[in-house]
file start-v4.txt (compact mmCIF, C-alpha atoms)
# COMPACT_ATOMS: atom_id res chain seq x y z
CA MET T 826 0.00 0.00 0.00
CA ILE T 827 1.11 3.55 -0.75
CA THR T 828 -0.19 6.47 1.26
CA THR T 829 -0.25 10.21 0.73
CA ASP T 830 -1.74 12.88 2.96
CA ARG T 831 -5.17 12.29 1.40
CA LEU T 832 -5.04 8.85 -0.16
CA GLU T 833 -4.44 5.16 0.40
CA ILE T 834 -3.44 3.44 -2.84
CA ILE T 835 -3.89 -0.31 -2.56
CA PRO T 836 -2.89 -3.05 -5.03
CA LEU T 837 -5.48 -5.82 -4.97
CA SER T 838 -4.62 -9.46 -4.28
CA HIS T 839 -6.25 -12.25 -6.27
CA SER T 840 -9.12 -12.64 -3.78
CA GLN T 841 -9.57 -8.88 -3.42
CA LEU T 842 -9.71 -8.43 -7.18
CA LEU T 843 -12.37 -11.11 -7.43
CA ALA T 844 -14.34 -9.39 -4.63
CA TYR T 845 -13.94 -6.09 -6.54
CA THR T 846 -16.14 -7.48 -9.33
CA TYR T 847 -19.15 -7.79 -6.97
CA PRO T 848 -21.00 -4.70 -5.67
CA ASP T 849 -19.83 -3.70 -2.19
CA GLN T 850 -18.02 -7.01 -1.49
CA LEU T 851 -14.52 -5.48 -1.57
CA GLU T 852 -15.64 -2.52 0.52
CA GLN T 853 -17.12 -4.83 3.14
CA SER T 854 -13.99 -6.96 3.30
CA LEU T 855 -11.72 -3.91 3.72
CA GLY T 856 -13.98 -2.01 6.12
CA LEU T 857 -14.60 0.79 3.63
CA VAL T 858 -17.72 2.90 3.23
CA GLU T 859 -19.89 1.58 0.39
CA ASN T 860 -20.62 4.15 -2.29
CA GLY T 861 -22.61 2.22 -4.89
CA ARG T 862 -19.54 1.42 -7.01
CA THR T 863 -20.26 -1.00 -9.83
CA VAL T 864 -18.07 -2.77 -12.36
CA SER T 865 -19.24 -3.12 -15.95
CA GLU T 866 -19.80 -6.58 -17.43
CA ARG T 867 -16.98 -5.90 -19.89
CA THR T 868 -14.51 -5.04 -17.12
CA THR T 869 -15.61 -8.01 -15.01
CA ALA T 870 -15.11 -10.34 -17.99
CA LYS T 871 -11.62 -8.92 -18.61
CA ILE T 872 -10.68 -9.30 -14.94
CA ILE T 873 -11.87 -12.92 -14.82
CA SER T 874 -10.52 -14.06 -18.18
CA GLU T 875 -7.30 -12.06 -18.50
CA ILE T 876 -6.13 -10.50 -15.23
CA LEU T 877 -6.91 -13.05 -12.51
CA PRO T 878 -5.07 -15.87 -14.30
CA LYS T 879 -1.90 -13.74 -14.29
CA ILE T 880 -1.97 -13.06 -10.57
CA ILE T 881 -0.09 -15.30 -8.21
CA ALA T 882 -1.01 -14.63 -4.60
CA GLU T 883 1.35 -12.33 -2.71
CA LYS T 884 4.02 -11.99 -5.41
CA GLN T 885 5.73 -8.65 -5.97
CA SER T 886 5.44 -9.06 -9.75
CA ASN T 887 1.66 -8.87 -9.45
CA LEU T 888 1.87 -5.11 -8.92
CA PHE T 889 1.83 -4.56 -12.69
CA ASN T 890 -0.95 -7.11 -13.29
CA THR T 891 -3.67 -6.12 -10.84
CA PHE T 892 -6.03 -3.24 -10.20
CA TRP T 893 -5.09 -0.61 -7.63
CA ILE T 894 -7.86 1.13 -5.70
CA ILE T 895 -7.64 4.70 -4.44
CA VAL T 896 -9.29 5.39 -1.11
CA LEU T 897 -9.92 8.97 -0.01
CA LYS T 898 -9.00 8.78 3.68
CA SER T 899 -11.31 11.57 4.83
CA ILE T 900 -14.40 9.57 3.83
CA ASN T 901 -12.91 6.03 3.80
CA THR T 902 -14.30 5.10 0.40
CA ILE T 903 -13.02 4.01 -3.01
CA THR T 904 -12.89 7.04 -5.27
CA ALA T 905 -10.93 5.69 -8.24
CA GLU T 906 -8.91 2.79 -9.56
CA PHE T 907 -6.18 2.18 -12.06
CA CYS T 908 -4.15 -0.62 -13.56
CA PHE T 909 -0.84 -0.80 -15.32
CA LYS T 910 -0.86 -2.08 -18.89
CA GLY T 911 2.15 -4.30 -18.41
CA GLU T 912 5.58 -3.76 -16.89
CA PRO T 913 7.68 -0.63 -17.54
CA ASN T 914 9.59 -0.47 -20.81
CA ASN T 915 13.38 -0.06 -21.04
CA ASN T 916 12.97 3.66 -20.27
CA GLY T 917 10.92 2.98 -17.14
CA VAL T 918 7.68 4.16 -18.77
CA VAL T 919 4.44 2.30 -18.16
CA SER T 920 0.95 2.91 -19.53
CA THR T 921 -2.06 2.97 -17.24
CA GLY T 922 -5.80 2.64 -17.53
CA TYR T 923 -7.90 4.39 -14.93
CA ALA T 924 -11.36 5.45 -13.83
CA THR T 925 -12.49 8.01 -11.30
CA GLY T 926 -15.97 8.06 -9.78
CA LYS T 927 -18.00 10.90 -11.26
CA GLU T 928 -18.44 12.66 -7.92
CA PHE T 929 -14.66 12.57 -7.34
CA GLN T 930 -13.51 13.89 -10.72
CA ASN T 931 -11.55 17.15 -10.99
CA ALA T 932 -10.28 16.86 -7.40
CA GLY T 933 -6.71 15.88 -8.32
CA ILE T 934 -7.12 12.36 -6.95
CA MET T 935 -5.78 10.47 -9.97
CA THR T 936 -2.98 12.98 -10.52
CA GLU T 937 -1.90 12.61 -6.89
CA ALA T 938 -2.13 8.82 -7.01
CA LEU T 939 -0.11 8.40 -10.19
CA GLN T 940 2.58 10.80 -9.05

call {"tool": "encode", "arguments": {"input": "start-v4.txt", "output": "structure tokens"}}
result
Amino acid sequence: MITTDRLEIIPLSHSQLLAYTYPDQLEQSLGLVENGRTVSERTTAKIISEILPKIIAEKQSNLFNTFWIIVLKSINTITAEFCFKGEPNNNGVVSTGYATGKEFQNAGIMTEALQ
């Protein structure tokens, strides 16, 4: 886990990523406030068919294969998530995919997390 003044940035384990695909299950398991977060069928299918098979429980190399959630500490809820699209290239550059909850957009959360 990585923390900033405002955020907790958490890479998800295999079981946490599976829980992430069900409404409120991850929040309940981590003691977070539920905020109605949902995962699209397309994203769930990608997680189950492509991402979960790559993840080996508790291995450092999984950091580039899993989703990372971003929790805003002041309200203890998931505000955004991102994933790396593979390991860094020879120049140390890595691409990311991300989503921020509508009510949390334009608050600098993703910028802060990725920095």

call {"tool": "residues_around", "arguments": {"input": "start-v4.txt", "residues": "Ile835 of chain T", "least_positions_apart": "6", "cutoff": "7 Å", "atoms": "all atoms listed in the file", "output": "PyMOL selection string"}}
result
chain T and resi 826-827+893-895

call {"tool": "write_last_selection", "arguments": {"input": "start-v4.txt", "atoms": "C-alpha atoms", "output": "PDB file, in the coordinates of the input"}}
result
ATOM      1  CA  MET T 826       0.000   0.000   0.000  1.00  0.00           C
ATOM      2  CA  ILE T 827       1.110   3.550  -0.750  1.00  0.00           C
ATOM      3  CA  TRP T 893      -5.090  -0.610  -7.630  1.00  0.00           C
ATOM      4  CA  ILE T 894      -7.860   1.130  -5.700  1.00  0.00           C
ATOM      5  CA  ILE T 895      -7.640   4.700  -4.440  1.00  0.00           C
TER       6      ILE T 895
END

call {"tool": "residues_near_point", "arguments": {"input": "start-v4.txt", "point": "(-15.7, 6.3, 0.1)", "cutoff": "9 Å", "atoms": "only C-alpha atoms", "output": "PDB file with C-alpha atoms, in the frame of the given file"}}
result
ATOM      1  CA  GLU T 852     -15.640  -2.520   0.520  1.00  0.00           C
ATOM      2  CA  LEU T 857     -14.600   0.790   3.630  1.00  0.00           C
ATOM      3  CA  VAL T 858     -17.720   2.900   3.230  1.00  0.00           C
ATOM      4  CA  GLU T 859     -19.890   1.580   0.390  1.00  0.00           C
ATOM      5  CA  ASN T 860     -20.620   4.150  -2.290  1.00  0.00           C
ATOM      6  CA  VAL T 896      -9.290   5.390  -1.110  1.00  0.00           C
ATOM      7  CA  LEU T 897      -9.920   8.970  -0.010  1.00  0.00           C
ATOM      8  CA  LYS T 898      -9.000   8.780   3.680  1.00  0.00           C
ATOM      9  CA  SER T 899     -11.310  11.570   4.830  1.00  0.00           C
ATOM     10  CA  ILE T 900     -14.400   9.570   3.830  1.00  0.00           C
ATOM     11  CA  ASN T 901     -12.910   6.030   3.800  1.00  0.00           C
ATOM     12  CA  THR T 902     -14.300   5.100   0.400  1.00  0.00           C
ATOM     13  CA  ILE T 903     -13.020   4.010  -3.010  1.00  0.00           C
ATOM     14  CA  THR T 904     -12.890   7.040  -5.270  1.00  0.00           C
TER      15      THR T 904
END

call {"tool": "atom_distance", "arguments": {"input": "start-v4.txt", "atom1": "atom CA of Lys879 of chain T", "atom2": "atom CA of Gly922 of chain T"}}
result
17.1 Å

call {"tool": "atom_distance", "arguments": {"input": "start-v4.txt", "atom1": "atom CA of Gln850 of chain T", "atom2": "atom CA of Thr936 of chain T"}}
result
26.6 Å

call {"tool": "residues_around", "arguments": {"input": "start-v4.txt", "residues": "Ala924 of chain T", "least_positions_apart": "4", "cutoff": "8 Å", "atoms": "all atoms listed in the file", "output": "list of chain:residue names"}}
result
T:Ala905, T:Glu906, T:Phe907

call {"tool": "closest_residue", "arguments": {"input": "start-v4.txt", "among": "T:Asn887, T:Gln940, T:Asn916, T:Thr846", "to": "Arg862 of chain T", "atoms": "only C-alpha atoms"}}
result
T:Thr846

call {"tool": "residues_around", "arguments": {"input": "start-v4.txt", "residues": "Phe909 of chain T", "least_positions_apart": "3", "cutoff": "12 Å", "atoms": "all atoms listed in the file", "output": "PDB file with C-alpha atoms, keeping the file's coordinate frame"}}
result
ATOM      1  CA  PRO T 836      -2.890  -3.050  -5.030  1.00  0.00           C
ATOM      2  CA  ILE T 876      -6.130 -10.500 -15.230  1.00  0.00           C
ATOM      3  CA  SER T 886       5.440  -9.060  -9.750  1.00  0.00           C
ATOM      4  CA  ASN T 887       1.660  -8.870  -9.450  1.00  0.00           C
ATOM      5  CA  LEU T 888       1.870  -5.110  -8.920  1.00  0.00           C
ATOM      6  CA  PHE T 889       1.830  -4.560 -12.690  1.00  0.00           C
ATOM      7  CA  ASN T 890      -0.950  -7.110 -13.290  1.00  0.00           C
ATOM      8  CA  THR T 891      -3.670  -6.120 -10.840  1.00  0.00           C
ATOM      9  CA  PHE T 892      -6.030  -3.240 -10.200  1.00  0.00           C
ATOM     10  CA  TRP T 893      -5.090  -0.610  -7.630  1.00  0.00           C
ATOM     11  CA  GLU T 906      -8.910   2.790  -9.560  1.00  0.00           C
ATOM     12  CA  GLU T 912       5.580  -3.760 -16.890  1.00  0.00           C
ATOM     13  CA  PRO T 913       7.680  -0.630 -17.540  1.00  0.00           C
ATOM     14  CA  ASN T 914       9.590  -0.470 -20.810  1.00  0.00           C
ATOM     15  CA  VAL T 918       7.680   4.160 -18.770  1.00  0.00           C
ATOM     16  CA  VAL T 919       4.440   2.300 -18.160  1.00  0.00           C
ATOM     17  CA  SER T 920       0.950   2.910 -19.530  1.00  0.00           C
ATOM     18  CA  THR T 921      -2.060   2.970 -17.240  1.00  0.00           C
ATOM     19  CA  GLY T 922      -5.800   2.640 -17.530  1.00  0.00           C
ATOM     20  CA  TYR T 923      -7.900   4.390 -14.930  1.00  0.00           C
ATOM     21  CA  LEU T 939      -0.110   8.400 -10.190  1.00  0.00           C
TER      22      LEU T 939
END

call {"tool": "closest_residue", "arguments": {"input": "start-v4.txt", "among": "T:Leu851, T:Ala938, T:Ala870, T:Ala932", "to": "Ser838 of chain T", "atoms": "only C-alpha atoms"}}
result
T:Leu851

call {"tool": "residues_around", "arguments": {"input": "start-v4.txt", "residues": "Glu866 of chain T", "least_positions_apart": "5", "cutoff": "12 Å", "atoms": "only C-alpha atoms", "output": "PyMOL selection string"}}
result
chain T and resi 846-848+871-874

call {"tool": "closest_residue", "arguments": {"input": "start-v4.txt", "among": "T:Ile880, T:Asp849, T:Glu937, T:Asn915", "to": "Leu832 of chain T", "atoms": "only C-alpha atoms"}}
result
T:Glu937

call {"tool": "closest_residue", "arguments": {"input": "start-v4.txt", "among": "T:Gln930, T:Glu875, T:Ser854, T:Met935", "to": "Lys910 of chain T", "atoms": "all atoms listed in the file"}}
result
T:Glu875

call {"tool": "atom_distance", "arguments": {"input": "start-v4.txt", "atom1": "atom CA of Gln853 of chain T", "atom2": "atom CA of Leu837 of chain T"}}
result
14.2 Å

call {"tool": "decode", "arguments": {"input": "start-v4.txt", "residues": "segment 896-928 of chain T", "atoms": "N, CA and C atoms", "output": "JSON list (two decimals), in the first residue's frame"}}
result
[["chain", "number", "residue", "atom", "x", "y", "z"],
["T", 896, "VAL", "N", -8.36, 5.10, -2.19],
["T", 896, "VAL", "CA", -9.29, 5.39, -1.11],
["T", 896, "VAL", "C", -9.01, 6.81, -0.61],
["T", 897, "LEU", "N", -10.04, 7.64, -0.59],
["T", 897, "LEU", "CA", -9.92, 8.97, -0.01],
["T", 897, "LEU", "C", -10.09, 8.82, 1.50],
["T", 898, "LYS", "N", -9.02, 9.06, 2.24],
["T", 898, "LYS", "CA", -9.00, 8.78, 3.68],
["T", 898, "LYS", "C", -10.10, 9.52, 4.44],
["T", 899, "SER", "N", -10.37, 10.76, 4.07],
["T", 899, "SER", "CA", -11.31, 11.57, 4.83],
["T", 899, "SER", "C", -12.73, 10.99, 4.86],
["T", 900, "ILE", "N", -13.07, 10.18, 3.85],
["T", 900, "ILE", "CA", -14.40, 9.57, 3.83],
["T", 900, "ILE", "C", -14.34, 8.05, 3.76],
["T", 901, "ASN", "N", -13.14, 7.48, 3.75],
["T", 901, "ASN", "CA", -12.91, 6.03, 3.80],
["T", 901, "ASN", "C", -13.69, 5.27, 2.73],
["T", 902, "THR", "N", -13.59, 5.76, 1.49],
["T", 902, "THR", "CA", -14.30, 5.10, 0.40],
["T", 902, "THR", "C", -13.44, 5.06, -0.86],
["T", 903, "ILE", "N", -13.73, 4.11, -1.74],
["T", 903, "ILE", "CA", -13.02, 4.01, -3.01],
["T", 903, "ILE", "C", -13.50, 5.13, -3.91],
["T", 904, "THR", "N", -12.55, 5.92, -4.41],
["T", 904, "THR", "CA", -12.89, 7.04, -5.27],
["T", 904, "THR", "C", -12.46, 6.80, -6.71],
["T", 905, "ALA", "N", -11.48, 5.92, -6.90],
["T", 905, "ALA", "CA", -10.93, 5.69, -8.24],
["T", 905, "ALA", "C", -10.15, 4.39, -8.23],
["T", 906, "GLU", "N", -9.78, 3.95, -9.43],
["T", 906, "GLU", "CA", -8.91, 2.79, -9.56],
["T", 906, "GLU", "C", -8.10, 2.93, -10.84],
["T", 907, "PHE", "N", -6.99, 2.21, -10.85],
["T", 907, "PHE", "CA", -6.18, 2.18, -12.06],
["T", 907, "PHE", "C", -5.49, 0.83, -12.17],
["T", 908, "CYS", "N", -4.96, 0.57, -13.35],
["T", 908, "CYS", "CA", -4.15, -0.62, -13.56],
["T", 908, "CYS", "C", -3.03, -0.25, -14.52],
["T", 909, "PHE", "N", -1.94, -0.96, -14.39],
["T", 909, "PHE", "CA", -0.84, -0.80, -15.32],
["T", 909, "PHE", "C", -1.11, -1.70, -16.51],
["T", 910, "LYS", "N", -0.69, -1.27, -17.68],
["T", 910, "LYS", "CA", -0.86, -2.08, -18.89],
["T", 910, "LYS", "C", 0.46, -2.77, -19.20],
["T", 911, "GLY", "N", 0.89, -3.60, -18.26],
["T", 911, "GLY", "CA", 2.15, -4.30, -18.41],
["T", 911, "GLY", "C", 3.25, -3.65, -17.59],
["T", 912, "GLU", "N", 4.42, -4.25, -17.64],
["T", 912, "GLU", "CA", 5.58, -3.76, -16.89],
["T", 912, "GLU", "C", 6.22, -2.57, -17.61],
["T", 913, "PRO", "N", 7.03, -1.78, -16.90],
["T", 913, "PRO", "CA", 7.68, -0.63, -17.54],
["T", 913, "PRO", "C", 8.58, -1.07, -18.70],
["T", 914, "ASN", "N", 8.69, -0.18, -19.69],
["T", 914, "ASN", "CA", 9.59, -0.47, -20.81],
["T", 914, "ASN", "C", 11.03, -0.18, -20.41],
["T", 915, "ASN", "N", 11.95, -0.27, -21.34],
["T", 915, "ASN", "CA", 13.38, -0.06, -21.04],
["T", 915, "ASN", "C", 13.68, 1.34, -20.51],
["T", 916, "ASN", "N", 12.79, 2.29, -20.77],
["T", 916, "ASN", "CA", 12.97, 3.66, -20.27],
["T", 916, "ASN", "C", 12.23, 3.90, -18.96],
["T", 917, "GLY", "N", 11.63, 2.85, -18.41],
["T", 917, "GLY", "CA", 10.92, 2.98, -17.14],
["T", 917, "GLY", "C", 9.51, 3.55, -17.29],
["T", 918, "VAL", "N", 9.00, 3.60, -18.51],
["T", 918, "VAL", "CA", 7.68, 4.16, -18.77],
["T", 918, "VAL", "C", 6.65, 3.03, -18.80],
["T", 919, "VAL", "N", 5.52, 3.28, -18.17],
["T", 919, "VAL", "CA", 4.44, 2.30, -18.16],
["T", 919, "VAL", "C", 3.13, 3.02, -18.47],
["T", 920, "SER", "N", 2.27, 2.36, -19.22],
["T", 920, "SER", "CA", 0.95, 2.91, -19.53],
["T", 920, "SER", "C", -0.03, 2.47, -18.45],
["T", 921, "THR", "N", -1.04, 3.30, -18.23],
["T", 921, "THR", "CA", -2.06, 2.97, -17.24],
["T", 921, "THR", "C", -3.45, 3.15, -17.84],
["T", 922, "GLY", "N", -4.38, 2.42, -17.28],
["T", 922, "GLY", "CA", -5.80, 2.64, -17.53],
["T", 922, "GLY", "C", -6.40, 3.05, -16.20],
["T", 923, "TYR", "N", -7.36, 3.93, -16.20],
["T", 923, "TYR", "CA", -7.90, 4.39, -14.93],
["T", 923, "TYR", "C", -9.34, 4.84, -15.06],
["T", 924, "ALA", "N", -10.00, 4.92, -13.91],
["T", 924, "ALA", "CA", -11.36, 5.45, -13.83],
["T", 924, "ALA", "C", -11.51, 6.15, -12.49],
["T", 925, "THR", "N", -12.21, 7.25, -12.51],
["T", 925, "THR", "CA", -12.49, 8.01, -11.30],
["T", 925, "THR", "C", -14.00, 8.15, -11.18],
["T", 926, "GLY", "N", -14.54, 7.88, -10.00],
["T", 926, "GLY", "CA", -15.97, 8.06, -9.78],
["T", 926, "GLY", "C", -16.39, 9.47, -10.14],
["T", 927, "LYS", "N", -17.55, 9.60, -10.76],
["T", 927, "LYS", "CA", -18.00, 10.90, -11.26],
["T", 927, "LYS", "C", -17.96, 11.99, -10.19],
["T", 928, "GLU", "N", -18.39, 11.66, -8.99],
["T", 928, "GLU", "CA", -18.44, 12.66, -7.92],
["T", 928, "GLU", "C", -17.06, 13.04, -7.39]]
